[in-house]
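Trainee: Please find one structure pasted underneath; my questions will follow.
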Amino acid sequence: GVCSKEPEKILKEVKELSKNGFKEIILSGVHTASYGMDLEGNWDLVKILEEINKIEGIERIRIGSIDPTFFTEGVIERICNLEKMCPHFHLSLQSGCDATIRRMNRKYTAQEYKDVVENLRKYMKDVSITTDIIVGFPGESNVEFEATYEFLKGIKLSKMHIFKYSKRTGTKAAEMPFQVDGLIKEERSKKLIELNNALEVEFMEKFLGREMSVLYEEAISGKENTYVGYTENYIKVITESDENLEGKIVPTKLVAVKQENMVGIIE
């Protein structure tokens, strides 16, 4: 069953972190979406987000990886009213083909996933949606892989982490028939990595010329006066500055796309 950490404890920890100068909070857990089911009162994940949103000093709230089924339209409406909620969500997908998704024992369809993505985009400007994909799950035929490929090409997520399925002893999947050949996994993985690289650039290019707030995390070692930080929607930004930017949130103009990040200028 679900074992939720007490809300008072969470809020106390967040207040402590805020006192110590932290500006961004990431909530993560196992089955984060089920938070509060075992608690008295009407606690759920959105309510805890609403409470953290009121804490002074915290400027940004993120949620770790979360099940797409969490985002009903009602939940999205509540979340988009929280001004500190970052428009970036990691929604685990694993495959874009319903037959594969079913064999993985997941509780949603590709279409339901797509509906969630479209709703988030409707309610939250600039939202970034990232995901994990597994290629070569037992029984994934060429037809199934192509369905996944076309699905991902169509919904254009901002970043996809691609994993090749590997056998884990003792799991149901390890015993399944039609294990996929290593070379085929390699080929499929390559194809999706190429797609991902193109979509990542396409997403970042939308923000060229825009000024966005960037939370700078650290200086890049070996490069003088160069800092790395993230926009609210989790674009990695590299910026040169004579001032120490560590731990600061600074409006930054995004002027170029360079591999997996953008280049910023502080005007």
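Convention: chains lettered A, B, ... in structure tokens order; per-chain residue numbering from 1; ligands numbered from 1 as shown.
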At a cut-off of 9 Å, using only C-alpha atoms, what residues contact region 106-118 of chain A? Leave out same-chain residues fewer than 3 positions from it and give the result as number ranges by chain.
Mentor: A: 68-69, 71-73, 91, 93, 95-98, 101-103, 121-123, 129, 148, 151, 155, 157
Trainee: Please, could you write that set of residues out with N, CA and C atoms as an mmCIF file, in the first residue's frame?
Mentor:
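So the final result, stored in part-v9.cif, reads:
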```cif
data_model
loop_
_atom_site.group_PDB
_atom_site.id
_atom_site.type_symbol
_atom_site.label_atom_id
_atom_site.label_comp_id
_atom_site.auth_asym_id
_atom_site.auth_seq_id
_atom_site.Cartn_x
_atom_site.Cartn_y
_atom_site.Cartn_z
ATOM 1 N N PRO A 68 1.451 9.430 -15.787
ATOM 2 C CA PRO A 68 0.625 10.347 -16.584
ATOM 3 C C PRO A 68 -0.849 10.376 -16.153
ATOM 4 N N THR A 69 -1.349 9.266 -15.599
ATOM 5 C CA THR A 69 -2.764 9.210 -15.228
ATOM 6 C C THR A 69 -3.112 10.181 -14.098
ATOM 7 N N PHE A 71 -2.583 13.334 -14.108
ATOM 8 C CA PHE A 71 -2.991 14.635 -14.623
ATOM 9 C C PHE A 71 -4.380 14.637 -15.248
ATOM 10 N N THR A 72 -5.393 14.570 -14.409
ATOM 11 C CA THR A 72 -6.748 14.771 -14.913
ATOM 12 C C THR A 72 -6.880 16.267 -15.203
ATOM 13 N N GLU A 73 -7.909 16.641 -15.935
ATOM 14 C CA GLU A 73 -8.081 18.061 -16.243
ATOM 15 C C GLU A 73 -8.259 18.876 -14.949
ATOM 16 N N LEU A 91 6.912 12.610 -17.495
ATOM 17 C CA LEU A 91 5.822 11.631 -17.511
ATOM 18 C C LEU A 91 6.305 10.362 -18.183
ATOM 19 N N LEU A 93 6.520 7.143 -20.121
ATOM 20 C CA LEU A 93 5.692 6.583 -21.194
ATOM 21 C C LEU A 93 6.093 5.132 -21.504
ATOM 22 N N SER A 95 6.594 3.311 -23.979
ATOM 23 C CA SER A 95 6.364 2.891 -25.370
ATOM 24 C C SER A 95 5.184 3.675 -25.921
ATOM 25 N N GLY A 96 5.190 3.886 -27.238
ATOM 26 C CA GLY A 96 4.079 4.615 -27.848
ATOM 27 C C GLY A 96 3.111 3.687 -28.567
ATOM 28 N N CYS A 97 3.260 2.376 -28.301
ATOM 29 C CA CYS A 97 2.393 1.400 -28.963
ATOM 30 C C CYS A 97 1.576 0.667 -27.903
ATOM 31 N N ASP A 98 0.251 0.664 -28.071
ATOM 32 C CA ASP A 98 -0.628 0.083 -27.042
ATOM 33 C C ASP A 98 -0.347 -1.388 -26.738
ATOM 34 N N ILE A 101 2.647 -1.419 -24.522
ATOM 35 C CA ILE A 101 2.284 -0.837 -23.221
ATOM 36 C C ILE A 101 1.527 -1.865 -22.379
ATOM 37 N N ARG A 102 0.612 -2.587 -23.026
ATOM 38 C CA ARG A 102 -0.160 -3.618 -22.300
ATOM 39 C C ARG A 102 0.741 -4.727 -21.773
ATOM 40 N N ARG A 103 1.686 -5.173 -22.618
ATOM 41 C CA ARG A 103 2.603 -6.234 -22.158
ATOM 42 C C ARG A 103 3.466 -5.753 -21.003
ATOM 43 N N ARG A 121 -0.261 21.275 -22.263
ATOM 44 C CA ARG A 121 0.177 22.345 -23.173
ATOM 45 C C ARG A 121 -0.880 23.444 -23.286
ATOM 46 N N LYS A 122 -2.135 23.044 -23.159
ATOM 47 C CA LYS A 122 -3.226 24.016 -23.266
ATOM 48 C C LYS A 122 -3.223 24.956 -22.053
ATOM 49 N N TYR A 123 -2.996 24.382 -20.866
ATOM 50 C CA TYR A 123 -3.095 25.170 -19.640
ATOM 51 C C TYR A 123 -1.802 25.848 -19.213
ATOM 52 N N ILE A 129 7.723 18.655 -21.499
ATOM 53 C CA ILE A 129 7.380 17.306 -21.050
ATOM 54 C C ILE A 129 8.470 16.353 -21.508
ATOM 55 N N THR A 148 5.585 3.206 -32.131
ATOM 56 C CA THR A 148 6.195 4.037 -31.091
ATOM 57 C C THR A 148 6.908 5.231 -31.722
ATOM 58 N N PHE A 151 4.483 7.759 -33.097
ATOM 59 C CA PHE A 151 3.799 8.425 -31.983
ATOM 60 C C PHE A 151 4.691 9.517 -31.386
ATOM 61 N N ILE A 155 4.071 13.620 -31.116
ATOM 62 C CA ILE A 155 3.785 14.456 -29.934
ATOM 63 C C ILE A 155 4.941 15.375 -29.531
ATOM 64 N N LEU A 157 7.971 15.547 -27.700
ATOM 65 C CA LEU A 157 8.336 15.874 -26.320
ATOM 66 C C LEU A 157 9.680 16.603 -26.342
#
```
Trainee: Name the residues of region 98-220 of chain A that fall into alpha helix (DSSP H) according to DSSP on the backbone, using the chain letters and numbers of this document, as a ChimeraX atom specification.
Mentor: /A:98-103,110-123,142-155,172-175,182-205
Trainee: Generate a file of the selected residues that holds C-alpha atoms, formatted as an mmCIF file, in the first residue's frame.
Mentor:
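This is the output file again.cif:
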```cif
data_model
loop_
_atom_site.group_PDB
_atom_site.id
_atom_site.type_symbol
_atom_site.label_atom_id
_atom_site.label_comp_id
_atom_site.auth_asym_id
_atom_site.auth_seq_id
_atom_site.Cartn_x
_atom_site.Cartn_y
_atom_site.Cartn_z
ATOM 1 C CA ASP A 98 -0.628 0.083 -27.042
ATOM 2 C CA ALA A 99 0.248 -3.582 -27.538
ATOM 3 C CA THR A 100 3.700 -3.028 -26.005
ATOM 4 C CA ILE A 101 2.284 -0.837 -23.221
ATOM 5 C CA ARG A 102 -0.160 -3.618 -22.300
ATOM 6 C CA ARG A 103 2.603 -6.234 -22.158
ATOM 7 C CA ALA A 110 -0.863 6.022 -25.985
ATOM 8 C CA GLN A 111 -3.941 8.147 -26.736
ATOM 9 C CA GLU A 112 -4.553 8.833 -23.033
ATOM 10 C CA TYR A 113 -0.927 9.881 -22.686
ATOM 11 C CA LYS A 114 -1.293 12.185 -25.666
ATOM 12 C CA ASP A 115 -4.462 13.741 -24.177
ATOM 13 C CA VAL A 116 -2.569 14.555 -20.967
ATOM 14 C CA VAL A 117 0.280 16.139 -22.934
ATOM 15 C CA GLU A 118 -2.179 18.245 -24.958
ATOM 16 C CA ASN A 119 -4.039 19.351 -21.825
ATOM 17 C CA LEU A 120 -0.826 20.365 -20.089
ATOM 18 C CA ARG A 121 0.177 22.345 -23.173
ATOM 19 C CA LYS A 122 -3.226 24.016 -23.266
ATOM 20 C CA TYR A 123 -3.095 25.170 -19.640
ATOM 21 C CA ASN A 142 9.067 -3.913 -36.170
ATOM 22 C CA VAL A 143 5.443 -2.864 -36.520
ATOM 23 C CA GLU A 144 5.197 -2.037 -32.814
ATOM 24 C CA PHE A 145 8.474 -0.130 -32.843
ATOM 25 C CA GLU A 146 7.351 1.885 -35.871
ATOM 26 C CA ALA A 147 4.128 2.750 -34.012
ATOM 27 C CA THR A 148 6.195 4.037 -31.091
ATOM 28 C CA TYR A 149 8.468 5.990 -33.435
ATOM 29 C CA GLU A 150 5.559 7.664 -35.248
ATOM 30 C CA PHE A 151 3.799 8.425 -31.983
ATOM 31 C CA LEU A 152 6.888 10.145 -30.562
ATOM 32 C CA LYS A 153 7.515 12.018 -33.807
ATOM 33 C CA GLY A 154 3.957 13.311 -33.561
ATOM 34 C CA ILE A 155 3.785 14.456 -29.934
ATOM 35 C CA LYS A 172 7.945 -11.736 -15.770
ATOM 36 C CA ALA A 173 9.458 -10.012 -18.801
ATOM 37 C CA ALA A 174 12.595 -12.167 -18.609
ATOM 38 C CA GLU A 175 10.421 -15.251 -19.118
ATOM 39 C CA GLY A 182 20.710 -7.154 -29.318
ATOM 40 C CA LEU A 183 21.539 -5.682 -32.718
ATOM 41 C CA ILE A 184 17.901 -4.784 -33.331
ATOM 42 C CA LYS A 185 17.722 -3.070 -29.923
ATOM 43 C CA GLU A 186 20.864 -1.136 -30.799
ATOM 44 C CA GLU A 187 19.398 -0.018 -34.125
ATOM 45 C CA ARG A 188 16.074 1.044 -32.571
ATOM 46 C CA SER A 189 17.811 2.870 -29.781
ATOM 47 C CA LYS A 190 19.953 4.800 -32.289
ATOM 48 C CA LYS A 191 16.899 5.758 -34.315
ATOM 49 C CA LEU A 192 15.117 7.176 -31.255
ATOM 50 C CA ILE A 193 18.228 8.979 -30.021
ATOM 51 C CA GLU A 194 18.452 10.741 -33.396
ATOM 52 C CA LEU A 195 14.777 11.683 -33.184
ATOM 53 C CA ASN A 196 15.280 12.927 -29.644
ATOM 54 C CA ASN A 197 18.225 15.123 -30.631
ATOM 55 C CA ALA A 198 16.187 16.758 -33.375
ATOM 56 C CA LEU A 199 13.157 17.316 -31.104
ATOM 57 C CA GLU A 200 15.318 18.732 -28.309
ATOM 58 C CA VAL A 201 16.727 21.346 -30.660
ATOM 59 C CA GLU A 202 13.274 22.099 -32.066
ATOM 60 C CA PHE A 203 11.955 22.686 -28.545
ATOM 61 C CA MET A 204 14.832 24.962 -27.527
ATOM 62 C CA GLU A 205 14.613 26.983 -30.725
#
```
Trainee: Using only C-alpha atoms, which protein or nucleic acid residues come within 12 Å of Val255 (chain A)? Drop anything in the same chain fewer than 5 positions from it, and give the result as a PyMOL selection string.
Mentor: chain A and resi 204-212+237-239+261-267
Trainee: Go ahead and save the picked residues with N, CA and C atoms, as a compact mmCIF listing (two decimals), in the first residue's frame.
Mentor:
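This is the output file part.txt:
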```
# COMPACT_ATOMS: atom_id res chain seq x y z
N MET A 204 14.04 23.83 -28.01
CA MET A 204 14.83 24.96 -27.53
C MET A 204 14.74 26.17 -28.47
N GLU A 205 14.66 25.88 -29.76
CA GLU A 205 14.61 26.98 -30.72
C GLU A 205 13.40 27.89 -30.54
N LYS A 206 12.33 27.32 -29.95
CA LYS A 206 11.13 28.15 -29.70
C LYS A 206 11.43 29.30 -28.75
N PHE A 207 12.50 29.16 -27.97
CA PHE A 207 12.77 30.15 -26.93
C PHE A 207 13.91 31.10 -27.29
N LEU A 208 14.40 30.98 -28.52
CA LEU A 208 15.47 31.87 -28.97
C LEU A 208 15.00 33.32 -28.91
N GLY A 209 15.84 34.17 -28.34
CA GLY A 209 15.50 35.60 -28.29
C GLY A 209 14.63 35.97 -27.10
N ARG A 210 14.19 34.97 -26.33
CA ARG A 210 13.34 35.27 -25.18
C ARG A 210 14.15 35.49 -23.93
N GLU A 211 13.63 36.34 -23.06
CA GLU A 211 14.27 36.49 -21.75
C GLU A 211 13.52 35.58 -20.78
N MET A 212 14.27 34.70 -20.11
CA MET A 212 13.62 33.78 -19.17
C MET A 212 14.40 33.76 -17.86
N VAL A 237 20.97 26.19 -19.39
CA VAL A 237 21.50 27.43 -19.96
C VAL A 237 22.92 27.66 -19.45
N ILE A 238 23.81 28.02 -20.38
CA ILE A 238 25.19 28.33 -20.00
C ILE A 238 25.46 29.80 -20.29
N THR A 239 25.95 30.50 -19.27
CA THR A 239 26.07 31.95 -19.35
C THR A 239 27.40 32.41 -18.75
N ASN A 261 22.10 22.32 -24.82
CA ASN A 261 21.75 23.46 -23.96
C ASN A 261 21.62 24.75 -24.77
N MET A 262 21.25 25.82 -24.08
CA MET A 262 21.17 27.11 -24.74
C MET A 262 22.22 28.04 -24.14
N VAL A 263 22.56 29.04 -24.91
CA VAL A 263 23.54 30.03 -24.44
C VAL A 263 22.76 31.26 -24.00
N GLY A 264 23.11 31.76 -22.82
CA GLY A 264 22.40 32.92 -22.28
C GLY A 264 23.28 34.15 -22.19
N ILE A 265 22.60 35.30 -22.19
CA ILE A 265 23.30 36.58 -21.98
C ILE A 265 22.52 37.35 -20.94
N ILE A 266 23.23 37.90 -19.96
CA ILE A 266 22.56 38.73 -18.96
C ILE A 266 22.78 40.17 -19.37
N GLU A 267 21.65 40.86 -19.62
CA GLU A 267 21.80 42.22 -20.17
C GLU A 267 21.76 43.26 -19.07
```
Trainee: What separation in Å, quoted to one decimal, exists between CA of Glu77 (chain A) and CA of Gly41 (chain A)?
Mentor: 21.2 Å
Trainee: Could you pull out all residues of region 85-216 of chain A with a DSSP call of strand (DSSP E or B) and give them as a ChimeraX atom specification?
Mentor: /A:85,88-91,94,128-135,159-164,211-216
Trainee: From the set A:Leu82, A:Asn225, A:Asn20, A:Leu11, which residue has the shortest atom-to-atom contact distance to Ile48 (chain A), counting only C-alpha atoms?
Mentor: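 Checking each of A:Leu82, A:Asn225, A:Asn20, A:Leu11 against Ile48 (chain A), counting only C-alpha atoms, the winner is A:Leu11.
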Trainee: Would you work out the distance separating CA of Arg62 (chain A) from CA of Leu254 (chain A), expressed in Å to one decimal?
Mentor: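 Between CA of Arg62 (chain A) and CA of Leu254 (chain A) the gap works out to 21.8 Å.
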Trainee: Between A:Gln259, A:Thr171, A:Ser128, A:Asn244, which residue has the minimum interatomic distance to Glu232 (chain A), considering only C-alpha atoms?
Mentor: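 When distances to Glu232 (chain A) are compared using only C-alpha atoms, the smallest one comes from A:Ser128.
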Trainee: For Val214 (chain A), find every residue with an atom within 10 Å (counting only C-alpha atoms), except residues of its own chain fewer than 4 positions away, and show them as a PDB file with N, CA and C atoms, in the first residue's frame.
Mentor:
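The resulting file, out08.pdb, is shown below:
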```pdb
ATOM      1  N   VAL A 228      26.236  27.435 -15.112  1.00  0.00           N
ATOM      2  CA  VAL A 228      25.174  26.622 -15.706  1.00  0.00           C
ATOM      3  C   VAL A 228      23.941  26.699 -14.812  1.00  0.00           C
ATOM      4  N   GLY A 229      22.792  26.857 -15.468  1.00  0.00           N
ATOM      5  CA  GLY A 229      21.545  26.948 -14.715  1.00  0.00           C
ATOM      6  C   GLY A 229      20.395  26.423 -15.545  1.00  0.00           C
ATOM      7  N   TYR A 230      19.190  26.518 -14.972  1.00  0.00           N
ATOM      8  CA  TYR A 230      18.015  25.984 -15.665  1.00  0.00           C
ATOM      9  C   TYR A 230      16.876  26.985 -15.645  1.00  0.00           C
ATOM     10  N   THR A 231      16.162  27.039 -16.768  1.00  0.00           N
ATOM     11  CA  THR A 231      14.944  27.846 -16.820  1.00  0.00           C
ATOM     12  C   THR A 231      13.862  27.096 -16.044  1.00  0.00           C
ATOM     13  N   GLU A 232      12.735  27.749 -15.838  1.00  0.00           N
ATOM     14  CA  GLU A 232      11.645  27.080 -15.123  1.00  0.00           C
ATOM     15  C   GLU A 232      11.209  25.814 -15.852  1.00  0.00           C
ATOM     16  N   ASN A 233      11.235  25.858 -17.192  1.00  0.00           N
ATOM     17  CA  ASN A 233      10.828  24.667 -17.933  1.00  0.00           C
ATOM     18  C   ASN A 233      12.022  23.779 -18.295  1.00  0.00           C
ATOM     19  N   TYR A 234      13.041  23.874 -17.470  1.00  0.00           N
ATOM     20  CA  TYR A 234      14.164  22.945 -17.469  1.00  0.00           C
ATOM     21  C   TYR A 234      15.015  22.927 -18.727  1.00  0.00           C
ATOM     22  N   ILE A 235      15.215  24.082 -19.315  1.00  0.00           N
ATOM     23  CA  ILE A 235      16.209  24.181 -20.386  1.00  0.00           C
ATOM     24  C   ILE A 235      17.530  24.515 -19.692  1.00  0.00           C
ATOM     25  N   LYS A 236      18.562  23.779 -20.067  1.00  0.00           N
ATOM     26  CA  LYS A 236      19.886  24.018 -19.475  1.00  0.00           C
ATOM     27  C   LYS A 236      20.509  25.221 -20.191  1.00  0.00           C
ATOM     28  N   VAL A 237      20.972  26.185 -19.391  1.00  0.00           N
ATOM     29  CA  VAL A 237      21.497  27.429 -19.960  1.00  0.00           C
ATOM     30  C   VAL A 237      22.920  27.663 -19.453  1.00  0.00           C
ATOM     31  N   ILE A 238      23.813  28.020 -20.380  1.00  0.00           N
ATOM     32  CA  ILE A 238      25.188  28.327 -19.999  1.00  0.00           C
ATOM     33  C   ILE A 238      25.464  29.797 -20.293  1.00  0.00           C
ATOM     34  N   THR A 239      25.946  30.501 -19.268  1.00  0.00           N
ATOM     35  CA  THR A 239      26.068  31.954 -19.348  1.00  0.00           C
ATOM     36  C   THR A 239      27.396  32.412 -18.751  1.00  0.00           C
ATOM     37  N   LEU A 245      27.120  33.893  -9.978  1.00  0.00           N
ATOM     38  CA  LEU A 245      25.677  33.663 -10.167  1.00  0.00           C
ATOM     39  C   LEU A 245      25.143  32.485  -9.354  1.00  0.00           C
ATOM     40  N   GLY A 247      23.334  30.010  -7.211  1.00  0.00           N
ATOM     41  CA  GLY A 247      22.184  30.105  -6.315  1.00  0.00           C
ATOM     42  C   GLY A 247      21.279  31.294  -6.595  1.00  0.00           C
ATOM     43  N   LYS A 248      21.568  32.023  -7.672  1.00  0.00           N
ATOM     44  CA  LYS A 248      20.728  33.195  -7.984  1.00  0.00           C
ATOM     45  C   LYS A 248      19.787  32.912  -9.148  1.00  0.00           C
ATOM     46  N   ILE A 249      18.635  33.569  -9.092  1.00  0.00           N
ATOM     47  CA  ILE A 249      17.700  33.493 -10.224  1.00  0.00           C
ATOM     48  C   ILE A 249      17.809  34.818 -10.974  1.00  0.00           C
ATOM     49  N   VAL A 250      18.206  34.740 -12.240  1.00  0.00           N
ATOM     50  CA  VAL A 250      18.491  35.964 -12.995  1.00  0.00           C
ATOM     51  C   VAL A 250      17.790  35.917 -14.356  1.00  0.00           C
ATOM     52  N   PRO A 251      17.108  37.019 -14.731  1.00  0.00           N
ATOM     53  CA  PRO A 251      16.535  37.078 -16.092  1.00  0.00           C
ATOM     54  C   PRO A 251      17.672  37.010 -17.109  1.00  0.00           C
ATOM     55  N   THR A 252      17.543  36.078 -18.042  1.00  0.00           N
ATOM     56  CA  THR A 252      18.631  35.806 -18.978  1.00  0.00           C
ATOM     57  C   THR A 252      18.053  35.702 -20.381  1.00  0.00           C
ATOM     58  N   LYS A 253      18.714  36.352 -21.321  1.00  0.00           N
ATOM     59  CA  LYS A 253      18.246  36.267 -22.712  1.00  0.00           C
ATOM     60  C   LYS A 253      18.875  35.040 -23.374  1.00  0.00           C
ATOM     61  N   LEU A 254      18.034  34.221 -23.987  1.00  0.00           N
ATOM     62  CA  LEU A 254      18.529  32.993 -24.611  1.00  0.00           C
ATOM     63  C   LEU A 254      18.865  33.284 -26.080  1.00  0.00           C
ATOM     64  N   GLY A 264      23.112  31.763 -22.819  1.00  0.00           N
ATOM     65  CA  GLY A 264      22.402  32.920 -22.279  1.00  0.00           C
ATOM     66  C   GLY A 264      23.280  34.152 -22.194  1.00  0.00           C
TER      67      GLY A 264
END
```
Trainee: With distances taken over only C-alpha atoms, which of A:Glu83, A:Glu50, A:Lys156, A:Phe137 is nearest to Met124 (chain A)?
Mentor: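 The answer is A:Glu83, which sits nearest to Met124 (chain A).
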Trainee: One number please: CA of Ile58 (chain A) to CA of Leu215 (chain A), in Å, one decimal.
Mentor: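 Between CA of Ile58 (chain A) and CA of Leu215 (chain A) the gap works out to 12.0 Å.
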Trainee: Which residues are close to region 29-37 of chain A, i.e. within 6 Å by only C-alpha atoms, leaving aside same-chain residues fewer than 5 positions away? Reply as JSON, numbers by chain.
Mentor: {"A": [4, 43, 44, 45, 70]}
Trainee: Tell me, as a list in words, which residues lie within 8 Å of Ile26 (chain A), counting only C-alpha atoms; anything in the same chain fewer than 5 positions away does not count.
Mentor: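 Using only C-alpha atoms, the neighbours found are Ile61, Arg62, Ile63 and Gly64 of chain A.
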Trainee: With N, CA and C atoms kept, could you save the residues just selected as a PDB file, in the first residue's frame?
Mentor:
```pdb
ATOM      1  N   ILE A  61       8.863  25.040  -7.646  1.00  0.00           N
ATOM      2  CA  ILE A  61       8.510  23.687  -7.200  1.00  0.00           C
ATOM      3  C   ILE A  61       8.498  22.775  -8.423  1.00  0.00           C
ATOM      4  N   ARG A  62       9.138  21.635  -8.296  1.00  0.00           N
ATOM      5  CA  ARG A  62       9.093  20.627  -9.352  1.00  0.00           C
ATOM      6  C   ARG A  62       8.607  19.308  -8.771  1.00  0.00           C
ATOM      7  N   ILE A  63       8.058  18.473  -9.640  1.00  0.00           N
ATOM      8  CA  ILE A  63       7.699  17.109  -9.235  1.00  0.00           C
ATOM      9  C   ILE A  63       8.633  16.180  -9.984  1.00  0.00           C
ATOM     10  N   GLY A  64       9.139  15.156  -9.301  1.00  0.00           N
ATOM     11  CA  GLY A  64       9.957  14.151  -9.988  1.00  0.00           C
ATOM     12  C   GLY A  64       9.091  13.371 -10.966  1.00  0.00           C
TER      13      GLY A  64
END
```
Trainee: When distances are computed from only C-alpha atoms, which of A:Glu217, A:Asp126, A:Glu13, A:Asp242 shows the smallest separation from Cys86 (chain A)?
Mentor: A:Asp126
